[in-house]
Amino acid sequence: MATSRTDPLTLEVVELIGAVVARYHQEYEQAASEHALTGAQARVLGLLSLQPVPMRKIAQKLQCEPSNVTGIVDRLETRGLVERRPDPADRRVKLAAPTPEGLDTARRLGESLDFAREPLGQLTEVERTLLRDLLKRMLGEA
């Protein structure tokens with residue numbers, strides 16, 4: 001049985017998702033500013049802390065223009081948090097990679113983001129797994 005997009009439960013879920021996203025962005029921006037970063041710079045640094053990433057892929061992840069990523073990486077590079085390297089698999093491609101100081105900043109930034117961790121910590125592992133799976137399904141990643 002399909003549900004209407006305007007049924008009360010669907011509307012409540014949409015509102016709750018919006019509230020979670022808004023609170024997360026607010027806390028993320030505040031945490032970023034405490035490290036003298038913009039939200040976009042913090043997101044790029046967090047992404048790079050997992051592994052070096054081609055510039056084009058950063059733009060895809062952030063859903064923005066590659067020229068915007070170039071400016072963000074330029075500013076992070078100027079601060080000594082990121083460096084550009086040739087991709088060993090394709091020397092025409094530039095990878096953005098965190099410096100040791102960039103990794104440390106990304107770690108401290110991640111540690112200061114309590115909003116997502118604290119409420120999730122109140123859920124059981126089964127509940128967190130279910131939530132993850134439902135979110136992936138909503139995003140078409142299941």
# chains A, B, ... in the order shown; residues from 1 in each chain; ligands from 1
>>> select_by_dssp(residues="range 4-138 of chain A", states="strand (DSSP E or B)", output="count of residues only")
17
>>> atom_distance(atom1="CA of His35 in chain A", atom2="CA of Arg75 in chain A")
13.6 Å
>>> residues_around(residues="range 96-104 of chain A", least_positions_apart="5", cutoff="6 Å", atoms="only C-alpha atoms", output="PDB file with all heavy atoms, in the first residue's frame")
ATOM      1  N   LEU A  48      38.967  14.491   3.071  1.00  0.00           N
ATOM      2  CA  LEU A  48      40.361  14.144   2.759  1.00  0.00           C
ATOM      3  C   LEU A  48      41.026  13.359   3.884  1.00  0.00           C
ATOM      4  O   LEU A  48      41.993  12.645   3.636  1.00  0.00           O
ATOM      5  CB  LEU A  48      41.167  15.410   2.470  1.00  0.00           C
ATOM      6  CG  LEU A  48      40.718  16.226   1.262  1.00  0.00           C
ATOM      7  CD1 LEU A  48      41.602  17.455   1.101  1.00  0.00           C
ATOM      8  CD2 LEU A  48      40.698  15.387   0.002  1.00  0.00           C
ATOM      9  N   SER A  49      40.509  13.497   5.101  1.00  0.00           N
ATOM     10  CA  SER A  49      41.135  12.777   6.219  1.00  0.00           C
ATOM     11  C   SER A  49      40.953  11.272   6.075  1.00  0.00           C
ATOM     12  O   SER A  49      41.681  10.501   6.698  1.00  0.00           O
ATOM     13  CB  SER A  49      40.572  13.260   7.561  1.00  0.00           C
ATOM     14  OG  SER A  49      39.240  12.821   7.735  1.00  0.00           O
ATOM     15  N   PRO A  52      43.389  10.562   0.286  1.00  0.00           N
ATOM     16  CA  PRO A  52      43.512  11.589  -0.752  1.00  0.00           C
ATOM     17  C   PRO A  52      42.424  11.394  -1.819  1.00  0.00           C
ATOM     18  O   PRO A  52      42.058  10.252  -2.126  1.00  0.00           O
ATOM     19  CB  PRO A  52      44.909  11.343  -1.330  1.00  0.00           C
ATOM     20  CG  PRO A  52      45.657  10.655  -0.227  1.00  0.00           C
ATOM     21  CD  PRO A  52      44.626   9.808   0.465  1.00  0.00           C
ATOM     22  N   VAL A  53      41.908  12.497  -2.324  1.00  0.00           N
ATOM     23  CA  VAL A  53      40.770  12.435  -3.243  1.00  0.00           C
ATOM     24  C   VAL A  53      41.033  13.338  -4.440  1.00  0.00           C
ATOM     25  O   VAL A  53      41.521  14.460  -4.277  1.00  0.00           O
ATOM     26  CB  VAL A  53      39.475  12.890  -2.515  1.00  0.00           C
ATOM     27  CG1 VAL A  53      38.282  12.875  -3.450  1.00  0.00           C
ATOM     28  CG2 VAL A  53      39.199  12.019  -1.298  1.00  0.00           C
ATOM     29  N   LEU A  81      47.143  22.946   5.555  1.00  0.00           N
ATOM     30  CA  LEU A  81      46.312  21.819   5.967  1.00  0.00           C
ATOM     31  C   LEU A  81      46.154  20.768   4.879  1.00  0.00           C
ATOM     32  O   LEU A  81      45.811  19.624   5.164  1.00  0.00           O
ATOM     33  CB  LEU A  81      44.931  22.323   6.405  1.00  0.00           C
ATOM     34  CG  LEU A  81      44.926  23.327   7.563  1.00  0.00           C
ATOM     35  CD1 LEU A  81      43.515  23.843   7.816  1.00  0.00           C
ATOM     36  CD2 LEU A  81      45.513  22.697   8.815  1.00  0.00           C
ATOM     37  N   VAL A  82      46.387  21.166   3.637  1.00  0.00           N
ATOM     38  CA  VAL A  82      46.184  20.288   2.476  1.00  0.00           C
ATOM     39  C   VAL A  82      47.318  20.509   1.496  1.00  0.00           C
ATOM     40  O   VAL A  82      47.883  21.608   1.418  1.00  0.00           O
ATOM     41  CB  VAL A  82      44.818  20.607   1.807  1.00  0.00           C
ATOM     42  CG1 VAL A  82      44.672  19.937   0.458  1.00  0.00           C
ATOM     43  CG2 VAL A  82      43.666  20.193   2.705  1.00  0.00           C
ATOM     44  N   GLU A  83      47.641  19.454   0.754  1.00  0.00           N
ATOM     45  CA  GLU A  83      48.610  19.586  -0.334  1.00  0.00           C
ATOM     46  C   GLU A  83      48.053  18.875  -1.564  1.00  0.00           C
ATOM     47  O   GLU A  83      47.220  17.984  -1.458  1.00  0.00           O
ATOM     48  CB  GLU A  83      49.965  18.993   0.063  1.00  0.00           C
ATOM     49  CG  GLU A  83      49.912  17.501   0.346  1.00  0.00           C
ATOM     50  CD  GLU A  83      51.228  16.947   0.874  1.00  0.00           C
ATOM     51  OE1 GLU A  83      52.119  17.730   1.236  1.00  0.00           O
ATOM     52  OE2 GLU A  83      51.348  15.710   0.930  1.00  0.00           O
ATOM     53  N   ARG A  84      48.518  19.322  -2.727  1.00  0.00           N
ATOM     54  CA  ARG A  84      48.138  18.657  -3.978  1.00  0.00           C
ATOM     55  C   ARG A  84      49.261  17.713  -4.371  1.00  0.00           C
ATOM     56  O   ARG A  84      50.433  18.045  -4.246  1.00  0.00           O
ATOM     57  CB  ARG A  84      47.916  19.685  -5.073  1.00  0.00           C
ATOM     58  CG  ARG A  84      46.656  20.493  -4.915  1.00  0.00           C
ATOM     59  CD  ARG A  84      46.587  21.525  -6.056  1.00  0.00           C
ATOM     60  NE  ARG A  84      45.317  22.192  -6.122  1.00  0.00           N
ATOM     61  CZ  ARG A  84      45.025  23.317  -5.480  1.00  0.00           C
ATOM     62  NH1 ARG A  84      45.905  23.883  -4.688  1.00  0.00           N
ATOM     63  NH2 ARG A  84      43.835  23.868  -5.628  1.00  0.00           N
TER      64      ARG A  84
END
>>> closest_residue(among="A:Pro66, A:Gly140, A:Gly18, A:Pro54", to="Arg92 in chain A", atoms="only C-alpha atoms")
A:Pro54
>>> closest_residue(among="A:Pro8, A:Arg107, A:Pro88, A:Leu123", to="Leu47 in chain A", atoms="only C-alpha atoms")
A:Arg107
>>> residues_around(residues="Asp114 in chain A", least_positions_apart="6", cutoff="12 Å", atoms="only C-alpha atoms", output="PyMOL selection string")
chain A and resi 23-24+26-28+30-31+108+120-121
>>> write_last_selection(atoms="N, CA, C and O atoms", output="CSV table (one decimal), in the first residue's frame")
chain,number,residue,atom,x,y,z
A,23,ARG,N,20.1,21.2,12.6
A,23,ARG,CA,20.9,21.2,13.8
A,23,ARG,C,22.4,20.7,13.5
A,23,ARG,O,23.3,21.3,14.0
A,24,TYR,N,22.5,19.7,12.7
A,24,TYR,CA,23.8,19.2,12.3
A,24,TYR,C,24.6,20.3,11.6
A,24,TYR,O,25.8,20.6,11.9
A,26,GLN,N,24.2,23.6,11.7
A,26,GLN,CA,24.5,24.6,12.7
A,26,GLN,C,25.7,24.3,13.5
A,26,GLN,O,26.6,25.1,13.7
A,27,GLU,N,25.7,23.0,14.1
A,27,GLU,CA,26.8,22.6,14.9
A,27,GLU,C,28.1,22.5,14.1
A,27,GLU,O,29.2,22.9,14.5
A,28,TYR,N,28.0,22.0,12.9
A,28,TYR,CA,29.1,21.8,12.0
A,28,TYR,C,29.8,23.2,11.7
A,28,TYR,O,31.0,23.4,11.8
A,30,GLN,N,29.5,25.9,13.5
A,30,GLN,CA,30.1,26.5,14.7
A,30,GLN,C,31.5,25.8,15.0
A,30,GLN,O,32.4,26.5,15.3
A,31,ALA,N,31.5,24.5,14.9
A,31,ALA,CA,32.8,23.7,15.1
A,31,ALA,C,33.8,24.2,14.1
A,31,ALA,O,35.0,24.4,14.5
A,108,ARG,N,40.5,16.8,15.4
A,108,ARG,CA,39.9,17.7,16.5
A,108,ARG,C,38.5,18.2,16.1
A,108,ARG,O,37.7,18.3,17.0
A,120,LEU,N,22.7,9.5,18.8
A,120,LEU,CA,22.9,8.2,18.2
A,120,LEU,C,23.4,7.2,19.3
A,120,LEU,O,23.0,6.1,19.3
A,121,GLY,N,24.2,7.7,20.3
A,121,GLY,CA,24.6,6.9,21.3
A,121,GLY,C,23.5,6.4,22.3
A,121,GLY,O,23.7,5.4,23.0
>>> closest_residue(among="A:Gln63, A:Thr10, A:Ala142, A:Arg79", to="Leu130 in chain A", atoms="only C-alpha atoms")
A:Ala142
>>> select_by_dssp(residues="chain A", states="alpha helix (DSSP H)", output="ChimeraX atom specification")
/A:8-34,39-48,55-62,66-78,100-111,114-121,125-138
>>> residues_around(residues="range 39-43 of chain A", least_positions_apart="3", cutoff="8 Å", atoms="only C-alpha atoms", output="ChimeraX atom specification")
/A:28-29,32-33,46-47,72-73,76,106,109
